Amino acid sequence: MGATERTAFKWVGSDEPHAARKVEILAKYGDELRPLMHPEWRTIPIVVVLVAVQLAAALISKDWGWGPWLALAYILGGTINHALFLAVHEIVHMLAVKSLWGNRFLSCIANLPIGIPYSATFHGYHMEHHKYQGWDGVDTDLPSEIEGRIIGNNMFMKFLFCVFQILFYALRPVFVKDPTITNWTALNIAVQVPVMIWMCQESYVPFLYLILSTFFAGCLHPVSGHFLAEHFEYTSGSETYSYYGPLNMIAFNVGYHNEHHDFPNIPWSELPKVRKIAPEYYDNLPQCESWPGAIWTFITDPAMSVWSRVKRMKRGEKKN
């Protein structure tokens, strides 16, 4: 990529690329792809094991020294909580079980080690991200204008953005649009709060471990590079990127991101098959070779910044 610095977002008049590509691929490979559209039951035991290990680690380590405790929170805690972020992502697509409330309840269980109830709220924002990718004021995955102005192209500020990106993702929707309170939200809180109170019966340290693990999961963690790699415009003209490397094994194949956006009703376990069935649609698209590399490039490349996102206006609106 060249070294031209951006000072504004790229605005386009075209629709997002996934809906049209999905129609084209289904017309050609529908018979092979439709059997892949089913819930993945293996998500359930994986979530149960991850939650149990993380909650146990939080309790067992509460009397450890600061050094080993912080190392555990980064290495084990950050990795597990990031995997649980992506488990929640799978589940809010209703891809774990057939029933609506079964998926909602499982998302609340997967949410437990995150420390703060968020899965119900994430569902609404994330569905809009798929349906209205790039729409300004609707797709809360997009950085805001004020983020662009504050962070700009300064390397140190981009470093801070990567360190605190989990906070940007968590807080941005609150400022972009009003959160919707639903029965799912109530369930999320009702499941989360009693477990956190139980975790803190003897000490606040287990809860602090979970919160710090969540922070590390979205900080300078190898897997967290997917936040940047998925939709920042590393290659001009491409707004979604897939990553096919080994970190997918601990990330519910979220690296197959073009495939996921084309077919959000296909579970993580089947996404590699989408690429194998329709390679001509994916193999020639720009790809992310490394999630840690995506973080490094974002920070050090003068051409990359918070401005490196594609935006589009809501239908019927015009940019001033």
# chains A, B, ... in the order shown; residues from 1 in each chain; ligands from 1
$ closest_atom_pairs --of "region 207-240 of chain A" --to "region 152-159 of chain A" --cutoff "12 Å" --atoms "only C-alpha atoms" --output "tab-separated table"
residue	atom	partner	partner_atom	distance
A:Cys219	CA	A:Phe159	CA	10.1
A:Leu220	CA	A:Phe159	CA	9.0
A:Leu228	CA	A:Lys158	CA	11.5
$ residues_around --residues "region 289-299 of chain A" --least-positions-apart "2" --cutoff "7 Å" --atoms "only C-alpha atoms" --output "list of chain:residue names"
A:Met155, A:Lys158, A:Phe159, A:Pro222, A:Val223, A:Gly225, A:His226, A:Leu228, A:Ala229, A:Tyr243, A:Gln287, A:Asp301, A:Met304, A:Ser305
$ write_last_selection --atoms "N, CA and C atoms" --output "PDB file, in the first residue's frame"
ATOM      1  N   MET A 155       1.167   7.797  14.754  1.00  0.00           N
ATOM      2  CA  MET A 155       1.513   6.424  15.084  1.00  0.00           C
ATOM      3  C   MET A 155       1.219   6.101  16.549  1.00  0.00           C
ATOM      4  N   LYS A 158      -2.477   5.766  17.042  1.00  0.00           N
ATOM      5  CA  LYS A 158      -2.950   4.498  16.482  1.00  0.00           C
ATOM      6  C   LYS A 158      -2.589   3.333  17.404  1.00  0.00           C
ATOM      7  N   PHE A 159      -1.426   3.419  18.021  1.00  0.00           N
ATOM      8  CA  PHE A 159      -1.041   2.417  19.009  1.00  0.00           C
ATOM      9  C   PHE A 159      -2.037   2.406  20.168  1.00  0.00           C
ATOM     10  N   PRO A 222      -2.646 -11.399  19.924  1.00  0.00           N
ATOM     11  CA  PRO A 222      -2.535 -11.892  18.542  1.00  0.00           C
ATOM     12  C   PRO A 222      -3.871 -12.090  17.835  1.00  0.00           C
ATOM     13  N   VAL A 223      -4.869 -12.576  18.562  1.00  0.00           N
ATOM     14  CA  VAL A 223      -6.152 -12.846  17.914  1.00  0.00           C
ATOM     15  C   VAL A 223      -6.940 -11.566  17.671  1.00  0.00           C
ATOM     16  N   GLY A 225      -6.175  -8.983  16.317  1.00  0.00           N
ATOM     17  CA  GLY A 225      -5.935  -8.377  15.012  1.00  0.00           C
ATOM     18  C   GLY A 225      -7.093  -8.536  14.055  1.00  0.00           C
ATOM     19  N   HIS A 226      -7.979  -9.495  14.328  1.00  0.00           N
ATOM     20  CA  HIS A 226      -9.113  -9.680  13.409  1.00  0.00           C
ATOM     21  C   HIS A 226     -10.042  -8.479  13.417  1.00  0.00           C
ATOM     22  N   LEU A 228      -9.232  -5.422  13.247  1.00  0.00           N
ATOM     23  CA  LEU A 228      -8.728  -4.528  12.209  1.00  0.00           C
ATOM     24  C   LEU A 228      -8.754  -5.189  10.841  1.00  0.00           C
ATOM     25  N   ALA A 229      -8.403  -6.470  10.810  1.00  0.00           N
ATOM     26  CA  ALA A 229      -8.209  -7.165   9.536  1.00  0.00           C
ATOM     27  C   ALA A 229      -9.496  -7.359   8.759  1.00  0.00           C
ATOM     28  N   TYR A 243      -8.993 -14.231   6.440  1.00  0.00           N
ATOM     29  CA  TYR A 243      -7.708 -14.728   6.938  1.00  0.00           C
ATOM     30  C   TYR A 243      -7.847 -16.235   7.057  1.00  0.00           C
ATOM     31  N   GLN A 287      -6.409 -10.799   0.771  1.00  0.00           N
ATOM     32  CA  GLN A 287      -6.515 -11.554   2.028  1.00  0.00           C
ATOM     33  C   GLN A 287      -5.606 -10.954   3.089  1.00  0.00           C
ATOM     34  N   ASP A 301       2.098   1.808   9.228  1.00  0.00           N
ATOM     35  CA  ASP A 301       1.929   2.265   7.846  1.00  0.00           C
ATOM     36  C   ASP A 301       1.234   3.625   7.842  1.00  0.00           C
ATOM     37  N   MET A 304      -2.394   3.793   6.707  1.00  0.00           N
ATOM     38  CA  MET A 304      -3.459   3.174   7.487  1.00  0.00           C
ATOM     39  C   MET A 304      -3.795   4.041   8.698  1.00  0.00           C
ATOM     40  N   SER A 305      -5.079   4.162   8.971  1.00  0.00           N
ATOM     41  CA  SER A 305      -5.527   4.925  10.137  1.00  0.00           C
ATOM     42  C   SER A 305      -6.982   4.584  10.404  1.00  0.00           C
TER      43      SER A 305
END
$ residues_around --residues "region 230-242 of chain A" --least-positions-apart "3" --cutoff "7 Å" --atoms "only C-alpha atoms" --output "list of chain:residue names"
A:Met1, A:His226, A:Phe227, A:Gly255, A:Tyr256, A:His257, A:Asn258, A:Pro286, A:Gln287, A:Cys288, A:Ser308, A:Arg309, A:Val310
$ write_last_selection --atoms "C-alpha atoms" --output "PDB file, in the first residue's frame"
ATOM      1  CA  MET A   1       0.000   0.000   0.000  1.00  0.00           C
ATOM      2  CA  HIS A 226      -9.113  -9.680  13.409  1.00  0.00           C
ATOM      3  CA  PHE A 227     -10.935  -6.526  14.571  1.00  0.00           C
ATOM      4  CA  GLY A 255     -11.115 -15.370   9.664  1.00  0.00           C
ATOM      5  CA  TYR A 256     -13.309 -16.723   6.870  1.00  0.00           C
ATOM      6  CA  HIS A 257     -14.896 -13.316   6.897  1.00  0.00           C
ATOM      7  CA  ASN A 258     -15.889 -12.842   3.285  1.00  0.00           C
ATOM      8  CA  PRO A 286      -7.236  -9.589  -1.152  1.00  0.00           C
ATOM      9  CA  GLN A 287      -6.515 -11.554   2.028  1.00  0.00           C
ATOM     10  CA  CYS A 288      -5.051 -10.921   5.446  1.00  0.00           C
ATOM     11  CA  SER A 308      -9.279   3.610   6.507  1.00  0.00           C
ATOM     12  CA  ARG A 309     -12.888   2.484   6.361  1.00  0.00           C
ATOM     13  CA  VAL A 310     -15.486   2.564   3.615  1.00  0.00           C
TER      14      VAL A 310
END
$ closest_atom_pairs --of "region 150-189 of chain A" --to "region 103-115 of chain A" --cutoff "9 Å" --atoms "only C-alpha atoms" --output "CSV"
residue,atom,partner,partner_atom,distance
A:Trp184,CA,A:Arg104,CA,6.8
A:Leu187,CA,A:Cys108,CA,7.6
A:Asn188,CA,A:Cys108,CA,5.3
A:Ile189,CA,A:Cys108,CA,8.4
$ residues_around --residues "Glu5 (chain A)" --least-positions-apart "2" --cutoff "7 Å" --atoms "only C-alpha atoms" --output "PyMOL selection string"
chain A and resi 3+7+153+302-303
$ residues_around --residues "Val23 (chain A)" --least-positions-apart "6" --cutoff "10 Å" --atoms "only C-alpha atoms" --output "number ranges by chain"
A: 29-30, 262
$ write_last_selection --atoms "N, CA, C and O atoms" --output "PDB file, in the first residue's frame"
ATOM      1  N   TYR A  29     -23.914 -22.716  -7.064  1.00  0.00           N
ATOM      2  CA  TYR A  29     -23.553 -23.805  -6.154  1.00  0.00           C
ATOM      3  C   TYR A  29     -24.594 -24.040  -5.056  1.00  0.00           C
ATOM      4  O   TYR A  29     -24.273 -24.585  -4.010  1.00  0.00           O
ATOM      5  N   GLY A  30     -25.817 -23.631  -5.298  1.00  0.00           N
ATOM      6  CA  GLY A  30     -26.844 -23.725  -4.269  1.00  0.00           C
ATOM      7  C   GLY A  30     -27.039 -25.123  -3.711  1.00  0.00           C
ATOM      8  O   GLY A  30     -27.215 -25.298  -2.489  1.00  0.00           O
ATOM      9  N   ASP A 262     -20.975 -13.348   3.272  1.00  0.00           N
ATOM     10  CA  ASP A 262     -21.790 -13.832   2.152  1.00  0.00           C
ATOM     11  C   ASP A 262     -22.871 -14.794   2.639  1.00  0.00           C
ATOM     12  O   ASP A 262     -24.000 -14.782   2.135  1.00  0.00           O
TER      13      ASP A 262
END
$ select_by_dssp --residues "region 72-267 of chain A" --states "helix (DSSP H, G or I)" --output "JSON, numbers by chain"
{"A": [72, 73, 74, 75, 76, 77, 78, 79, 80, 81, 82, 83, 84, 85, 86, 87, 88, 89, 90, 91, 92, 100, 101, 102, 103, 104, 105, 106, 107, 108, 109, 110, 111, 112, 113, 114, 119, 120, 121, 122, 123, 124, 125, 126, 127, 128, 129, 130, 131, 145, 146, 147, 148, 149, 150, 151, 155, 156, 157, 158, 159, 160, 161, 162, 163, 165, 166, 167, 168, 169, 170, 171, 172, 173, 174, 175, 176, 183, 184, 185, 186, 187, 188, 189, 190, 191, 192, 193, 194, 195, 196, 197, 198, 199, 205, 206, 207, 208, 209, 210, 211, 212, 213, 214, 215, 216, 217, 222, 223, 224, 225, 226, 227, 228, 229, 246, 247, 248, 249, 250, 257, 258, 259, 260, 261, 262]}
$ residues_around --residues "Ile44 (chain A)" --least-positions-apart "5" --cutoff "9 Å" --atoms "only C-alpha atoms" --output "JSON, numbers by chain"
{"A": [49, 96, 97, 106]}
$ write_last_selection --atoms "all heavy atoms" --output "mmCIF file, in the first residue's frame"
data_model
loop_
_atom_site.group_PDB
_atom_site.id
_atom_site.type_symbol
_atom_site.label_atom_id
_atom_site.label_comp_id
_atom_site.auth_asym_id
_atom_site.auth_seq_id
_atom_site.Cartn_x
_atom_site.Cartn_y
_atom_site.Cartn_z
ATOM 1 N N VAL A 49 -16.936 -25.789 28.088
ATOM 2 C CA VAL A 49 -15.553 -26.021 28.534
ATOM 3 C C VAL A 49 -14.813 -24.699 28.716
ATOM 4 O O VAL A 49 -14.138 -24.479 29.734
ATOM 5 C CB VAL A 49 -14.813 -26.936 27.541
ATOM 6 C CG1 VAL A 49 -13.318 -26.971 27.861
ATOM 7 C CG2 VAL A 49 -15.396 -28.342 27.579
ATOM 8 N N ALA A 96 -26.154 -22.100 16.976
ATOM 9 C CA ALA A 96 -25.758 -23.149 17.921
ATOM 10 C C ALA A 96 -26.849 -24.206 18.069
ATOM 11 O O ALA A 96 -26.562 -25.407 18.079
ATOM 12 C CB ALA A 96 -25.419 -22.543 19.276
ATOM 13 N N VAL A 97 -28.072 -23.759 18.226
ATOM 14 C CA VAL A 97 -29.213 -24.669 18.348
ATOM 15 C C VAL A 97 -30.343 -24.140 17.471
ATOM 16 O O VAL A 97 -30.270 -23.032 16.956
ATOM 17 C CB VAL A 97 -29.691 -24.799 19.824
ATOM 18 C CG1 VAL A 97 -28.602 -25.415 20.686
ATOM 19 C CG2 VAL A 97 -30.107 -23.450 20.382
ATOM 20 N N LEU A 106 -27.775 -19.677 25.638
ATOM 21 C CA LEU A 106 -26.373 -20.077 25.479
ATOM 22 C C LEU A 106 -25.478 -18.855 25.324
ATOM 23 O O LEU A 106 -24.345 -18.842 25.830
ATOM 24 C CB LEU A 106 -26.226 -20.999 24.271
ATOM 25 C CG LEU A 106 -24.815 -21.559 24.047
ATOM 26 C CD1 LEU A 106 -24.377 -22.436 25.221
ATOM 27 C CD2 LEU A 106 -24.752 -22.357 22.740
#
$ residues_around --residues "region 51-64 of chain A" --least-positions-apart "4" --cutoff "9 Å" --atoms "only C-alpha atoms" --output "list in words"
Ile46, Val47, Pro68, Trp69, Leu72, Ala73, Leu76, Gly77, Ile80, Asn81, Leu84, Ile109, Ala110, Asn111, Leu112, Pro113, Met199, Ser203, Tyr204, Val205, Pro206, Phe207, Leu208, Tyr209 and Leu210 of chain A
$ write_last_selection --atoms "N, CA, C and O atoms" --output "CSV table (one decimal), in the first residue's frame"
chain,number,residue,atom,x,y,z
A,46,ILE,N,-18.1,-26.7,23.5
A,46,ILE,CA,-16.9,-25.9,23.4
A,46,ILE,C,-17.1,-24.7,24.4
A,46,ILE,O,-16.2,-24.3,25.2
A,47,VAL,N,-18.3,-24.1,24.3
A,47,VAL,CA,-18.6,-23.0,25.2
A,47,VAL,C,-18.6,-23.4,26.6
A,47,VAL,O,-18.0,-22.7,27.5
A,68,PRO,N,2.6,-13.6,37.9
A,68,PRO,CA,1.9,-14.8,37.4
A,68,PRO,C,0.5,-14.6,37.1
A,68,PRO,O,-0.1,-15.1,36.1
A,69,TRP,N,-0.2,-13.8,37.9
A,69,TRP,CA,-1.6,-13.5,37.7
A,69,TRP,C,-1.9,-12.7,36.4
A,69,TRP,O,-2.8,-13.1,35.7
A,72,LEU,N,-1.2,-15.0,33.4
A,72,LEU,CA,-2.4,-15.9,33.2
A,72,LEU,C,-3.5,-15.2,32.6
A,72,LEU,O,-4.2,-15.7,31.7
A,73,ALA,N,-3.8,-13.9,33.1
A,73,ALA,CA,-4.9,-13.2,32.5
A,73,ALA,C,-4.7,-12.8,31.0
A,73,ALA,O,-5.6,-12.8,30.2
A,76,LEU,N,-3.9,-17.0,29.0
A,76,LEU,CA,-5.0,-17.9,29.1
A,76,LEU,C,-6.3,-17.1,29.0
A,76,LEU,O,-7.2,-17.4,28.2
A,77,GLY,N,-6.4,-16.1,29.9
A,77,GLY,CA,-7.7,-15.4,30.0
A,77,GLY,C,-8.0,-14.6,28.7
A,77,GLY,O,-9.2,-14.6,28.3
A,80,ILE,N,-9.0,-17.1,26.0
A,80,ILE,CA,-10.4,-17.7,26.2
A,80,ILE,C,-11.5,-16.7,26.0
A,80,ILE,O,-12.5,-17.0,25.3
A,81,ASN,N,-11.3,-15.5,26.5
A,81,ASN,CA,-12.3,-14.5,26.4
A,81,ASN,C,-12.5,-14.1,25.0
A,81,ASN,O,-13.6,-13.8,24.5
A,84,LEU,N,-14.5,-16.6,23.4
A,84,LEU,CA,-15.9,-16.5,23.8
A,84,LEU,C,-16.6,-15.3,23.1
A,84,LEU,O,-17.8,-15.3,22.9
A,109,ILE,N,-24.6,-17.7,28.7
A,109,ILE,CA,-23.6,-18.5,29.3
A,109,ILE,C,-22.2,-18.2,28.8
A,109,ILE,O,-21.3,-18.0,29.6
A,110,ALA,N,-22.1,-18.1,27.5
A,110,ALA,CA,-20.8,-17.7,26.9
A,110,ALA,C,-20.4,-16.3,27.3
A,110,ALA,O,-19.1,-16.1,27.4
A,111,ASN,N,-21.3,-15.5,27.7
A,111,ASN,CA,-21.0,-14.1,28.1
A,111,ASN,C,-20.4,-14.1,29.5
A,111,ASN,O,-19.7,-13.1,29.9
A,112,LEU,N,-20.6,-15.1,30.3
A,112,LEU,CA,-20.3,-15.0,31.8
A,112,LEU,C,-18.8,-14.6,32.0
A,112,LEU,O,-18.6,-13.7,32.8
A,113,PRO,N,-17.8,-15.2,31.4
A,113,PRO,CA,-16.4,-14.8,31.7
A,113,PRO,C,-16.0,-13.4,31.2
A,113,PRO,O,-15.0,-12.9,31.6
A,199,MET,N,-19.0,-15.1,42.3
A,199,MET,CA,-17.5,-15.1,42.1
A,199,MET,C,-16.8,-14.2,43.1
A,199,MET,O,-15.6,-14.4,43.4
A,203,SER,N,-13.5,-12.4,47.5
A,203,SER,CA,-12.6,-11.4,47.0
A,203,SER,C,-13.1,-10.9,45.7
A,203,SER,O,-13.8,-11.5,44.9
A,204,TYR,N,-12.7,-9.6,45.4
A,204,TYR,CA,-13.0,-9.0,44.1
A,204,TYR,C,-12.1,-9.5,43.0
A,204,TYR,O,-12.3,-9.2,41.8
A,205,VAL,N,-11.0,-10.1,43.4
A,205,VAL,CA,-9.9,-10.5,42.4
A,205,VAL,C,-10.4,-11.3,41.3
A,205,VAL,O,-10.0,-11.1,40.1
A,206,PRO,N,-11.3,-12.4,41.5
A,206,PRO,CA,-11.8,-13.2,40.4
A,206,PRO,C,-12.5,-12.3,39.4
A,206,PRO,O,-12.3,-12.5,38.1
A,207,PHE,N,-13.3,-11.4,39.8
A,207,PHE,CA,-14.0,-10.5,38.9
A,207,PHE,C,-13.0,-9.6,38.1
A,207,PHE,O,-13.1,-9.4,36.9
A,208,LEU,N,-12.0,-9.1,38.8
A,208,LEU,CA,-11.0,-8.3,38.2
A,208,LEU,C,-10.2,-9.1,37.2
A,208,LEU,O,-9.9,-8.6,36.1
A,209,TYR,N,-10.0,-10.3,37.5
A,209,TYR,CA,-9.3,-11.2,36.5
A,209,TYR,C,-10.1,-11.3,35.2
A,209,TYR,O,-9.6,-11.3,34.1
A,210,LEU,N,-11.5,-11.5,35.3
A,210,LEU,CA,-12.3,-11.6,34.2
A,210,LEU,C,-12.3,-10.3,33.4
A,210,LEU,O,-12.2,-10.4,32.1
$ closest_residue --among "A:Leu142, A:Ile116, A:Ala83, A:Leu212" --to "Glu128 (chain A)" --atoms "only C-alpha atoms"
A:Leu142
